[in-house]
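Content type mmCIF, C-alpha atoms, from the file entry_11.cif:
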```cif
data_final
#
loop_
_atom_site.group_PDB
_atom_site.id
_atom_site.type_symbol
_atom_site.label_atom_id
_atom_site.label_comp_id
_atom_site.auth_asym_id
_atom_site.auth_seq_id
_atom_site.Cartn_x
_atom_site.Cartn_y
_atom_site.Cartn_z
ATOM 1 C CA MET P 452 -64.241 -28.374 36.394
ATOM 2 C CA ALA P 453 -63.108 -30.971 33.839
ATOM 3 C CA ARG P 454 -62.269 -28.285 31.297
ATOM 4 C CA ARG P 455 -60.219 -26.377 33.883
ATOM 5 C CA ARG P 456 -58.208 -29.534 34.663
ATOM 6 C CA ARG P 457 -57.530 -30.277 30.997
ATOM 7 C CA ALA P 458 -56.194 -26.784 30.231
ATOM 8 C CA PRO P 459 -53.054 -27.055 32.390
ATOM 9 C CA ARG P 460 -52.296 -30.512 30.967
ATOM 10 C CA ARG P 461 -52.625 -29.177 27.448
ATOM 11 C CA TRP P 462 -50.203 -26.375 28.114
ATOM 12 C CA LEU P 463 -47.754 -28.812 29.703
ATOM 13 C CA ARG P 464 -47.863 -30.948 26.556
ATOM 14 C CA ILE P 465 -47.271 -27.885 24.363
ATOM 15 C CA ILE P 466 -44.343 -26.748 26.495
ATOM 16 C CA GLY P 467 -42.898 -30.265 26.403
ATOM 17 C CA ARG P 468 -43.115 -30.350 22.598
ATOM 18 C CA VAL P 469 -41.452 -26.933 22.331
ATOM 19 C CA ILE P 470 -38.598 -28.105 24.569
ATOM 20 C CA GLU P 471 -38.177 -31.268 22.506
ATOM 21 C CA VAL P 472 -38.044 -29.300 19.251
ATOM 22 C CA GLY P 473 -35.572 -26.850 20.824
ATOM 23 C CA ILE P 474 -33.261 -29.678 21.889
ATOM 24 C CA VAL P 475 -33.342 -31.206 18.396
ATOM 25 C CA VAL P 476 -32.594 -27.844 16.752
ATOM 26 C CA VAL P 477 -29.686 -27.126 19.116
ATOM 27 C CA ALA P 478 -28.269 -30.640 18.644
ATOM 28 C CA PHE P 479 -28.514 -30.314 14.859
ATOM 29 C CA GLY P 480 -26.818 -26.922 14.992
ATOM 30 C CA LEU P 481 -23.965 -28.282 17.095
ATOM 31 C CA LEU P 482 -23.561 -31.176 14.667
ATOM 32 C CA LEU P 483 -23.310 -28.769 11.727
ATOM 33 C CA LEU P 484 -20.831 -26.662 13.698
ATOM 34 C CA TRP P 485 -18.682 -29.700 14.446
ATOM 35 C CA CYS P 486 -18.780 -30.830 10.803
ATOM 36 C CA SER P 487 -17.580 -27.372 9.747
ATOM 37 C CA VAL P 488 -14.281 -27.821 11.609
ATOM 38 C CA PRO P 489 -11.528 -28.433 9.017
ATOM 39 C CA SER P 490 -9.063 -31.301 9.343
ATOM 40 C CA THR P 491 -5.834 -29.992 10.879
ATOM 41 C CA SER P 492 -3.771 -33.195 11.058
ATOM 42 C CA ALA P 493 -1.955 -32.510 7.764
ATOM 43 C CA LEU P 494 -0.445 -29.346 9.270
ATOM 44 C CA ALA P 495 1.848 -31.551 11.371
ATOM 45 C CA THR P 496 4.056 -32.113 8.314
ATOM 46 C CA GLU P 497 2.741 -29.721 5.651
ATOM 47 C CA ASN P 498 2.878 -25.953 5.473
ATOM 48 C CA PRO P 499 -0.278 -24.126 4.297
ATOM 49 C CA THR P 500 -0.143 -22.669 0.805
ATOM 50 C CA THR P 501 -2.507 -19.832 1.742
ATOM 51 C CA THR P 502 -4.667 -18.676 4.650
ATOM 52 C CA ALA P 503 -8.132 -17.194 5.107
ATOM 53 C CA PHE P 504 -6.591 -13.811 5.945
ATOM 54 C CA ILE P 505 -4.323 -13.831 2.884
ATOM 55 C CA ASP P 506 -7.292 -14.675 0.657
ATOM 56 C CA LEU P 507 -9.305 -11.887 2.297
ATOM 57 C CA ARG P 508 -6.553 -9.278 1.793
ATOM 58 C CA ARG P 509 -6.067 -10.441 -1.782
ATOM 59 C CA ALA P 510 -9.784 -10.005 -2.470
ATOM 60 C CA GLU P 511 -9.777 -6.541 -0.866
ATOM 61 C CA GLY P 512 -6.671 -5.383 -2.711
ATOM 62 C CA GLY P 513 -7.506 -6.829 -6.106
ATOM 63 C CA LYS P 514 -4.800 -6.465 -8.757
ATOM 64 C CA ARG P 515 -2.864 -3.990 -6.617
ATOM 65 C CA PHE P 516 -2.345 -6.547 -3.838
ATOM 66 C CA GLU P 517 1.287 -7.549 -3.334
ATOM 67 C CA LEU P 518 1.912 -10.487 -1.019
ATOM 68 C CA GLU P 519 5.085 -10.530 1.079
ATOM 69 C CA TRP P 520 5.347 -14.030 2.525
ATOM 70 C CA LYS P 521 8.295 -16.396 2.896
ATOM 71 C CA TRP P 522 8.204 -19.464 5.108
ATOM 72 C CA ARG P 523 10.887 -20.027 7.734
ATOM 73 C CA PRO P 524 11.268 -23.005 10.114
ATOM 74 C CA ILE P 525 11.164 -22.025 13.773
ATOM 75 C CA GLY P 526 14.920 -22.469 14.171
ATOM 76 C CA LYS P 527 15.465 -19.640 11.688
ATOM 77 C CA ILE P 528 13.250 -17.190 13.586
ATOM 78 C CA SER P 529 14.864 -15.118 16.339
ATOM 79 C CA ARG P 530 14.445 -16.582 19.810
ATOM 80 C CA TYR P 531 13.859 -13.008 20.980
ATOM 81 C CA LEU P 532 10.810 -12.764 18.723
ATOM 82 C CA ARG P 533 9.522 -16.182 19.760
ATOM 83 C CA ALA P 534 9.773 -15.285 23.446
ATOM 84 C CA ALA P 535 8.369 -11.760 22.999
ATOM 85 C CA ILE P 536 5.354 -13.109 21.073
ATOM 86 C CA ILE P 537 4.524 -15.573 23.853
ATOM 87 C CA TYR P 538 4.970 -12.992 26.617
ATOM 88 C CA ALA P 539 2.876 -10.408 24.749
ATOM 89 C CA GLU P 540 0.166 -12.595 23.211
ATOM 90 C CA ASP P 541 -0.265 -15.736 25.282
ATOM 91 C CA TYR P 542 1.529 -15.857 28.627
ATOM 92 C CA ASN P 543 0.215 -19.363 29.423
ATOM 93 C CA PHE P 544 0.885 -20.812 25.968
ATOM 94 C CA TYR P 545 2.690 -23.898 27.266
ATOM 95 C CA ARG P 546 0.181 -24.438 30.078
ATOM 96 C CA HIS P 547 -3.223 -24.452 28.348
ATOM 97 C CA ASP P 548 -4.800 -26.910 25.900
ATOM 98 C CA GLY P 549 -5.682 -24.351 23.246
ATOM 99 C CA VAL P 550 -8.096 -22.145 25.185
ATOM 100 C CA ASP P 551 -7.173 -20.111 28.250
ATOM 101 C CA TRP P 552 -10.513 -19.931 30.058
ATOM 102 C CA ALA P 553 -9.085 -17.783 32.856
ATOM 103 C CA ALA P 554 -7.951 -15.199 30.286
ATOM 104 C CA ILE P 555 -11.351 -15.284 28.578
ATOM 105 C CA GLU P 556 -13.118 -14.764 31.907
ATOM 106 C CA SER P 557 -10.850 -11.840 32.702
ATOM 107 C CA ALA P 558 -11.425 -10.342 29.238
ATOM 108 C CA VAL P 559 -15.202 -10.704 29.531
ATOM 109 C CA GLU P 560 -15.209 -8.987 32.931
ATOM 110 C CA SER P 561 -13.069 -6.166 31.551
ATOM 111 C CA ASN P 562 -15.345 -5.778 28.517
ATOM 112 C CA LEU P 563 -18.446 -5.652 30.706
ATOM 113 C CA GLU P 564 -16.887 -2.874 32.751
ATOM 114 C CA LYS P 565 -16.093 -0.938 29.564
ATOM 115 C CA GLY P 566 -19.444 -1.719 27.955
ATOM 116 C CA SER P 567 -17.812 -3.659 25.112
ATOM 117 C CA LEU P 568 -19.340 -6.745 23.485
ATOM 118 C CA SER P 569 -16.071 -8.306 22.257
ATOM 119 C CA ILE P 570 -14.833 -11.435 23.997
ATOM 120 C CA GLY P 571 -11.033 -11.274 23.652
ATOM 121 C CA GLY P 572 -8.600 -13.400 25.636
ATOM 122 C CA SER P 573 -7.592 -15.394 22.553
ATOM 123 C CA THR P 574 -4.605 -17.709 22.785
ATOM 124 C CA ILE P 575 -1.940 -18.120 20.104
ATOM 125 C CA THR P 576 -3.687 -21.351 19.095
ATOM 126 C CA GLN P 577 -7.019 -19.545 18.691
ATOM 127 C CA GLN P 578 -5.382 -16.767 16.682
ATOM 128 C CA LEU P 579 -3.755 -19.378 14.456
ATOM 129 C CA ALA P 580 -7.180 -20.977 13.919
ATOM 130 C CA LYS P 581 -8.646 -17.587 12.994
ATOM 131 C CA ASN P 582 -5.822 -16.678 10.608
ATOM 132 C CA LEU P 583 -5.834 -20.039 8.838
ATOM 133 C CA TYR P 584 -9.547 -20.723 8.493
ATOM 134 C CA LEU P 585 -11.779 -17.851 9.633
ATOM 135 C CA SER P 586 -12.137 -14.079 9.305
ATOM 136 C CA PRO P 587 -11.656 -10.978 11.473
ATOM 137 C CA SER P 588 -15.429 -10.547 11.810
ATOM 138 C CA ARG P 589 -16.895 -10.896 15.288
ATOM 139 C CA SER P 590 -19.793 -13.234 15.984
ATOM 140 C CA PHE P 591 -20.734 -15.881 18.520
ATOM 141 C CA ILE P 592 -20.767 -18.657 15.891
ATOM 142 C CA ARG P 593 -17.363 -17.660 14.558
ATOM 143 C CA LYS P 594 -15.993 -17.701 18.107
ATOM 144 C CA LEU P 595 -17.371 -21.200 18.676
ATOM 145 C CA ARG P 596 -15.724 -22.415 15.457
ATOM 146 C CA GLU P 597 -12.479 -20.789 16.564
ATOM 147 C CA LEU P 598 -12.582 -22.684 19.868
ATOM 148 C CA LEU P 599 -13.282 -26.021 18.163
ATOM 149 C CA ILE P 600 -10.485 -25.511 15.616
ATOM 150 C CA ALA P 601 -8.098 -24.516 18.419
ATOM 151 C CA TYR P 602 -8.775 -27.785 20.226
ATOM 152 C CA SER P 603 -8.244 -29.667 16.967
ATOM 153 C CA LEU P 604 -4.887 -27.953 16.442
ATOM 154 C CA GLU P 605 -3.778 -28.825 19.965
ATOM 155 C CA ASP P 606 -4.837 -32.467 19.452
ATOM 156 C CA ASN P 607 -2.846 -32.863 16.241
ATOM 157 C CA LEU P 608 0.177 -30.582 16.646
ATOM 158 C CA SER P 609 2.914 -29.940 19.174
ATOM 159 C CA LYS P 610 3.219 -26.552 20.858
ATOM 160 C CA GLN P 611 6.364 -25.779 18.883
ATOM 161 C CA ARG P 612 4.637 -26.568 15.583
ATOM 162 C CA ILE P 613 1.682 -24.352 16.548
ATOM 163 C CA LEU P 614 4.086 -21.528 17.375
ATOM 164 C CA GLU P 615 5.971 -22.087 14.122
ATOM 165 C CA LEU P 616 2.770 -21.937 12.093
ATOM 166 C CA TYR P 617 1.577 -18.818 13.902
ATOM 167 C CA LEU P 618 4.869 -16.980 13.378
ATOM 168 C CA ASN P 619 4.690 -17.779 9.675
ATOM 169 C CA VAL P 620 1.078 -16.801 8.938
ATOM 170 C CA VAL P 621 0.282 -13.878 11.236
ATOM 171 C CA GLU P 622 -0.192 -10.503 9.537
ATOM 172 C CA TRP P 623 2.331 -7.706 10.180
ATOM 173 C CA GLY P 624 1.168 -5.083 7.706
ATOM 174 C CA ASP P 625 -0.601 -4.624 4.393
ATOM 175 C CA GLY P 626 0.261 -7.823 2.513
ATOM 176 C CA VAL P 627 3.034 -8.637 4.998
ATOM 177 C CA PHE P 628 2.605 -12.119 6.448
ATOM 178 C CA GLY P 629 4.960 -14.080 8.650
ATOM 179 C CA ALA P 630 8.061 -13.211 10.661
ATOM 180 C CA GLU P 631 10.503 -13.355 7.737
ATOM 181 C CA ALA P 632 8.517 -10.938 5.588
ATOM 182 C CA ALA P 633 7.920 -8.679 8.610
ATOM 183 C CA ALA P 634 11.612 -8.538 9.511
ATOM 184 C CA ARG P 635 12.589 -7.686 5.945
ATOM 185 C CA HIS P 636 9.714 -5.210 5.477
ATOM 186 C CA TRP P 637 10.271 -3.259 8.684
ATOM 187 C CA TYR P 638 14.003 -3.718 9.348
ATOM 188 C CA GLY P 639 15.601 -4.944 6.118
ATOM 189 C CA LYS P 640 16.980 -8.128 7.666
ATOM 190 C CA SER P 641 16.110 -11.776 8.179
ATOM 191 C CA ALA P 642 13.859 -12.953 11.009
ATOM 192 C CA GLN P 643 16.835 -14.783 12.487
ATOM 193 C CA SER P 644 18.884 -11.573 12.785
ATOM 194 C CA LEU P 645 16.391 -9.441 14.723
ATOM 195 C CA THR P 646 17.689 -7.608 17.774
ATOM 196 C CA PRO P 647 15.738 -7.800 21.063
ATOM 197 C CA ALA P 648 14.333 -4.302 20.492
ATOM 198 C CA GLU P 649 13.222 -5.107 16.938
ATOM 199 C CA ALA P 650 11.624 -8.356 18.101
ATOM 200 C CA ILE P 651 9.746 -6.513 20.838
ATOM 201 C CA ARG P 652 8.456 -3.864 18.435
ATOM 202 C CA LEU P 653 7.129 -6.598 16.142
ATOM 203 C CA ALA P 654 5.557 -8.470 19.067
ATOM 204 C CA ILE P 655 3.608 -5.499 20.428
ATOM 205 C CA ALA P 656 2.326 -4.672 16.922
ATOM 206 C CA LEU P 657 0.042 -7.700 17.236
ATOM 207 C CA PRO P 658 -2.852 -8.268 17.028
ATOM 208 C CA ASN P 659 -3.404 -4.964 15.173
ATOM 209 C CA PRO P 660 -0.347 -4.235 13.008
ATOM 210 C CA PHE P 661 -2.065 -1.302 11.329
ATOM 211 C CA LYS P 662 -2.719 0.764 14.479
ATOM 212 C CA ARG P 663 0.365 -0.520 16.323
ATOM 213 C CA ALA P 664 2.914 -0.843 13.522
ATOM 214 C CA PRO P 665 6.598 -1.083 14.556
ATOM 215 C CA ASN P 666 7.209 2.498 13.381
ATOM 216 C CA ILE P 667 4.464 3.940 15.620
ATOM 217 C CA ARG P 668 5.481 5.348 18.985
ATOM 218 C CA SER P 669 3.198 6.018 21.967
ATOM 219 C CA ALA P 670 3.407 5.987 25.742
ATOM 220 C CA ASP P 671 1.297 2.847 25.927
ATOM 221 C CA LEU P 672 3.428 0.940 23.410
ATOM 222 C CA THR P 673 6.600 2.049 25.181
ATOM 223 C CA LYS P 674 5.206 0.718 28.459
ATOM 224 C CA LYS P 675 4.510 -2.642 26.808
ATOM 225 C CA SER P 676 8.018 -2.642 25.342
ATOM 226 C CA VAL P 677 9.568 -2.068 28.751
ATOM 227 C CA ARG P 678 7.573 -4.942 30.230
ATOM 228 C CA LEU P 679 8.738 -7.337 27.490
ATOM 229 C CA THR P 680 12.315 -6.176 27.896
ATOM 230 C CA ARG P 681 12.105 -6.960 31.610
ATOM 231 C CA LEU P 682 10.763 -10.441 30.878
ATOM 232 C CA LEU P 683 13.551 -11.183 28.390
ATOM 233 C CA ARG P 684 16.094 -10.139 31.008
ATOM 234 C CA MET P 685 14.407 -12.112 33.799
ATOM 235 C CA GLN P 686 14.575 -15.261 31.680
ATOM 236 C CA GLY P 687 18.245 -14.778 30.853
ATOM 237 C CA LEU P 688 17.639 -14.233 27.138
ATOM 238 C CA ILE P 689 19.452 -10.892 27.327
ATOM 239 C CA ASP P 690 22.083 -9.576 29.721
ATOM 240 C CA GLU P 691 22.252 -6.190 31.434
ATOM 241 C CA ALA P 692 24.071 -4.492 28.544
ATOM 242 C CA GLN P 693 21.497 -5.791 26.072
ATOM 243 C CA GLU P 694 18.690 -4.707 28.374
ATOM 244 C CA ARG P 695 20.106 -1.184 28.464
ATOM 245 C CA ALA P 696 20.469 -1.059 24.699
ATOM 246 C CA THR P 697 16.950 -2.424 24.224
ATOM 247 C CA LEU P 698 15.357 0.067 26.618
ATOM 248 C CA ASP P 699 17.107 2.910 24.772
ATOM 249 C CA ALA P 700 15.991 1.560 21.401
ATOM 250 C CA VAL P 701 12.306 1.231 22.385
ATOM 251 C CA GLY P 702 12.184 4.800 23.686
ATOM 252 C CA ALA P 703 12.736 4.313 27.421
ATOM 253 C CA PRO P 704 16.228 5.747 28.099
ATOM 254 C CA ASP P 705 15.216 6.915 31.593
ATOM 255 C CA VAL P 706 14.120 3.448 32.732
ATOM 256 C CA LYS P 707 16.737 1.683 34.826
ATOM 257 C CA THR P 708 17.879 -1.847 34.135
ATOM 258 C CA LEU P 709 17.125 -4.659 36.549
ATOM 259 C CA PRO P 710 19.772 -5.133 39.239
ATOM 260 C CA ALA P 711 22.227 -7.914 38.573
ATOM 261 C CA ARG P 712 21.815 -11.037 40.643
ATOM 262 C CA LYS P 713 24.676 -11.335 43.108
ATOM 263 C CA ARG P 714 26.019 -14.420 44.776
ATOM 264 C CA VAL P 715 25.329 -14.318 48.493
ATOM 265 C CA VAL P 716 28.261 -15.834 50.375
ATOM 266 C CA GLY P 717 27.772 -16.752 54.008
ATOM 267 C CA ALA P 718 27.448 -19.600 56.455
ATOM 268 C CA GLY P 719 24.509 -21.794 55.584
ATOM 269 C CA SER P 720 23.381 -19.599 52.690
ATOM 270 C CA ALA P 721 22.955 -20.861 49.162
ATOM 271 C CA ALA P 722 24.539 -18.987 46.321
ATOM 272 C CA GLU P 723 22.052 -17.510 43.898
ATOM 273 C CA PRO P 724 23.182 -18.028 40.303
ATOM 274 C CA ALA P 725 23.714 -15.016 38.103
ATOM 275 C CA PRO P 726 21.579 -14.624 35.000
ATOM 276 C CA PRO P 727 22.661 -16.899 32.147
ATOM 277 C CA PRO P 728 24.864 -15.268 29.500
ATOM 278 C CA SER P 729 23.280 -13.839 26.383
ATOM 279 C CA PRO P 730 22.599 -16.481 23.749
ATOM 280 C CA SER P 731 24.848 -16.566 20.731
ATOM 281 C CA PRO P 732 23.314 -16.272 17.277
ATOM 282 C CA GLU P 733 21.424 -19.410 16.383
ATOM 283 C CA PRO P 734 23.138 -21.787 13.961
ATOM 284 C CA GLU P 735 21.508 -22.490 10.640
ATOM 285 C CA PRO P 736 19.325 -25.567 11.180
ATOM 286 C CA SER P 737 19.914 -28.463 8.835
ATOM 287 C CA ALA P 738 16.227 -29.384 8.758
ATOM 288 C CA THR P 739 14.509 -28.724 5.475
ATOM 289 C CA GLU P 740 11.150 -27.079 5.090
ATOM 290 C CA PRO P 741 8.470 -27.914 6.018
ATOM 291 C CA THR P 742 9.371 -28.595 9.636
ATOM 292 C CA SER P 743 7.641 -31.670 10.955
ATOM 293 C CA ASN P 744 5.793 -31.844 14.242
ATOM 294 C CA GLY P 745 8.447 -31.345 16.890
ATOM 295 C CA ALA P 746 11.320 -31.931 14.432
ATOM 296 C CA SER P 747 13.013 -28.590 15.012
ATOM 297 C CA GLY P 748 14.498 -29.647 18.327
ATOM 298 C CA GLU P 749 13.956 -26.176 19.756
ATOM 299 C CA GLN P 750 13.398 -25.861 23.480
ATOM 300 C CA PRO P 751 10.149 -24.142 24.465
ATOM 301 C CA VAL P 752 10.274 -20.610 25.790
ATOM 302 C CA THR P 753 9.855 -20.577 29.534
ATOM 303 C CA THR P 754 7.588 -18.105 31.267
ATOM 304 C CA PRO P 755 8.223 -16.664 34.727
ATOM 305 C CA GLU P 756 5.598 -17.266 37.393
ATOM 306 C CA ALA P 757 4.977 -13.583 37.978
ATOM 307 C CA THR P 758 5.230 -10.541 35.795
ATOM 308 C CA PRO P 759 7.162 -7.529 37.050
#
```
Just give me the structure of the file as structure tokens.
Amino acid sequence: MARRRRAPRRWLRIIGRVIEVGIVVVAFGLLLLWCSVPSTSALATENPTTTAFIDLRRAEGGKRFELEWKWRPIGKISRYLRAAIIYAEDYNFYRHDGVDWAAIESAVESNLEKGSLSIGGSTITQQLAKNLYLSPSRSFIRKLRELLIAYSLEDNLSKQRILELYLNVVEWGDGVFGAEAAARHWYGKSAQSLTPAEAIRLAIALPNPFKRAPNIRSADLTKKSVRLTRLLRMQGLIDEAQERATLDAVGAPDVKTLPARKRVVGAGSAAEPAPPPSPSPEPEPSATEPTSNGASGEQPVTTPEATP
């Protein structure tokens, strides 16, 4: 009887030791993970001289690699491109703190339905973290590092600085990094001079500029282009004439423009304002590079509450 009573106690002690060791190992792993997060505070006033993705492409290309990369402050990047990037990549950019958990949950559910193991749902901040410090490989540890770096970026930088960094380091083709290089590579003009249609084509090329390059046409990409055109019009960034020209340029000539907002005149009824006029070309900012945290003075892109 005594031996039978001791056996359960022995197993309880063994299980307790295993749990203790497991907790220590997990805690040590989390500590190492936290220590691996790079310092991001310097990015508030300094532009990176390279990125993890640039180094990776350079290693892959060897001597044949040709880097196209020229930094531009956010005020010298088309407002159409800035808005289209947010609408296409991170609809809640100005609402989250670096990680959009609702988007991740939705992406996980979608992946489970499709039988995919990828997580997805990355925000602009997470993509910036990946481009600056990580790699395109997929792993649970890499994703955890991405989340931690994203929170660090949000703690140290303003939203506008994060957007500025992202627009200047994201990849838009083989050796083509940043909005300025992309605009000149694909359209032969500066990033500030992009038309709404050109900005939309660049926006939907992300996050895979090789399979969805601006010169590739497909029904799915045209559908995305139409949606972004609608959003630009809804926010007053383009007028009806520009919307028509943009729809034609992205390959949707049969799609009708949104109806113009009309003033309703009547007793006790409020007049609904018409869409704001199309913005004039942005003036050359006087700020010198690099742009400091929030120094550009640019107003954030607004996002409508519901997509069409």
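Residue nearest Asp606 in chain P, chosen from P:Ser586, P:Thr673, P:Ser492, P:Asn666 and counting all atoms listed in the file: P:Ser492.
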Check: Which residues, written as a PyMOL selection string, have at least one atom at most 6 Å from Ile536 in chain P, with only C-alpha atoms counted and residues fewer than 4 positions away on the same chain left out?
Finding: chain P and resi 532+540+654
Next item on the list: Select, counting all atoms listed in the file, all protein, DNA and RNA residues no farther than 12 Å from (7.3, 3.9, 25.2) in file coordinates, and express the selection as a VMD selection string.
Entry: chain P and resid 648 651 to 652 655 665 to 680 697 to 706
Next item on the list: Tell me which of P:Ala580, P:Leu616, P:Leu494, P:Ala664 sits closest to Ala633 in chain P, counting only C-alpha atoms.
Entry: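 When distances to Ala633 in chain P are compared using only C-alpha atoms, the smallest one comes from P:Ala664.
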Margin query: What would the selection look like, as a list in words, if the PyMOL selection byres ((chain P and resi 601) around 8) were run on the coordinates I just shared?
Written below: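 The output of the PyMOL selection byres ((chain P and resi 601) around 8) on this file is Gly549, Val550, Thr576, Gln577, Leu579, Ala580, Glu597, Leu598, Leu599, Ile600, Tyr602, Ser603, Leu604 and Glu605 of chain P.
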Item checked: Expected selection from the PyMOL selection byres ((chain P and resi 661) around 8), given as number ranges by chain -> P: 623-625, 656, 659-660, 662-664
Selection in question (the file shown): the PyMOL selection byres ((chain P and resi 621) around 10). Which residues does it include, as a compact mmCIF listing (two decimals) with C-alpha atoms, in the coordinates of the input?
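Below is the file that was written, expr_3.txt:
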```txt
# COMPACT_ATOMS: atom_id res chain seq x y z
CA THR P 502 -4.67 -18.68 4.65
CA PHE P 504 -6.59 -13.81 5.94
CA ILE P 505 -4.32 -13.83 2.88
CA GLN P 578 -5.38 -16.77 16.68
CA LEU P 579 -3.76 -19.38 14.46
CA LYS P 581 -8.65 -17.59 12.99
CA ASN P 582 -5.82 -16.68 10.61
CA LEU P 583 -5.83 -20.04 8.84
CA LEU P 616 2.77 -21.94 12.09
CA TYR P 617 1.58 -18.82 13.90
CA LEU P 618 4.87 -16.98 13.38
CA ASN P 619 4.69 -17.78 9.68
CA VAL P 620 1.08 -16.80 8.94
CA GLU P 622 -0.19 -10.50 9.54
CA TRP P 623 2.33 -7.71 10.18
CA GLY P 624 1.17 -5.08 7.71
CA VAL P 627 3.03 -8.64 5.00
CA PHE P 628 2.60 -12.12 6.45
CA GLY P 629 4.96 -14.08 8.65
CA ALA P 630 8.06 -13.21 10.66
CA ALA P 633 7.92 -8.68 8.61
CA LEU P 657 0.04 -7.70 17.24
CA PRO P 658 -2.85 -8.27 17.03
CA PRO P 660 -0.35 -4.24 13.01
```
Note to self: Please determine, counting only C-alpha atoms, which residue among P:Tyr584, P:Leu608, P:Glu517, P:Arg684 has the shortest atom-to-atom distance to Thr501 in chain P.
What the structure shows: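 Comparing P:Tyr584, P:Leu608, P:Glu517, P:Arg684 against Thr501 in chain P, the winner is P:Tyr584.
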Checklist line | Proximity to Glu615 in chain P - best of P:Leu595, P:Ile689, P:Ile528, P:Leu507, all atoms listed in the file | finding: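 For Glu615 in chain P, the nearest of the candidates is P:Ile528.
Picture a line from CA of Ala650 in chain P to CA of Arg546 in chain P; it runs 23.1 Å.
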Checklist line | Computed interatomic separation between CA of Glu519 in chain P and CA of Phe544 in chain P (Å) | finding: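 Interatomic distance here is 27.3 Å.
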Using all atoms of range 614-624 of chain P that appear in the file, construct an axis-aligned enclosing box with 5 Å of padding on every side and provide its centre coordinates and edge lengths in Å, rounded to one decimal, as JSON.
```
{"center_x": 2.9, "center_y": -13.6, "center_z": 12.5, "size_x": 16.2, "size_y": 27.0, "size_z": 19.7}
```
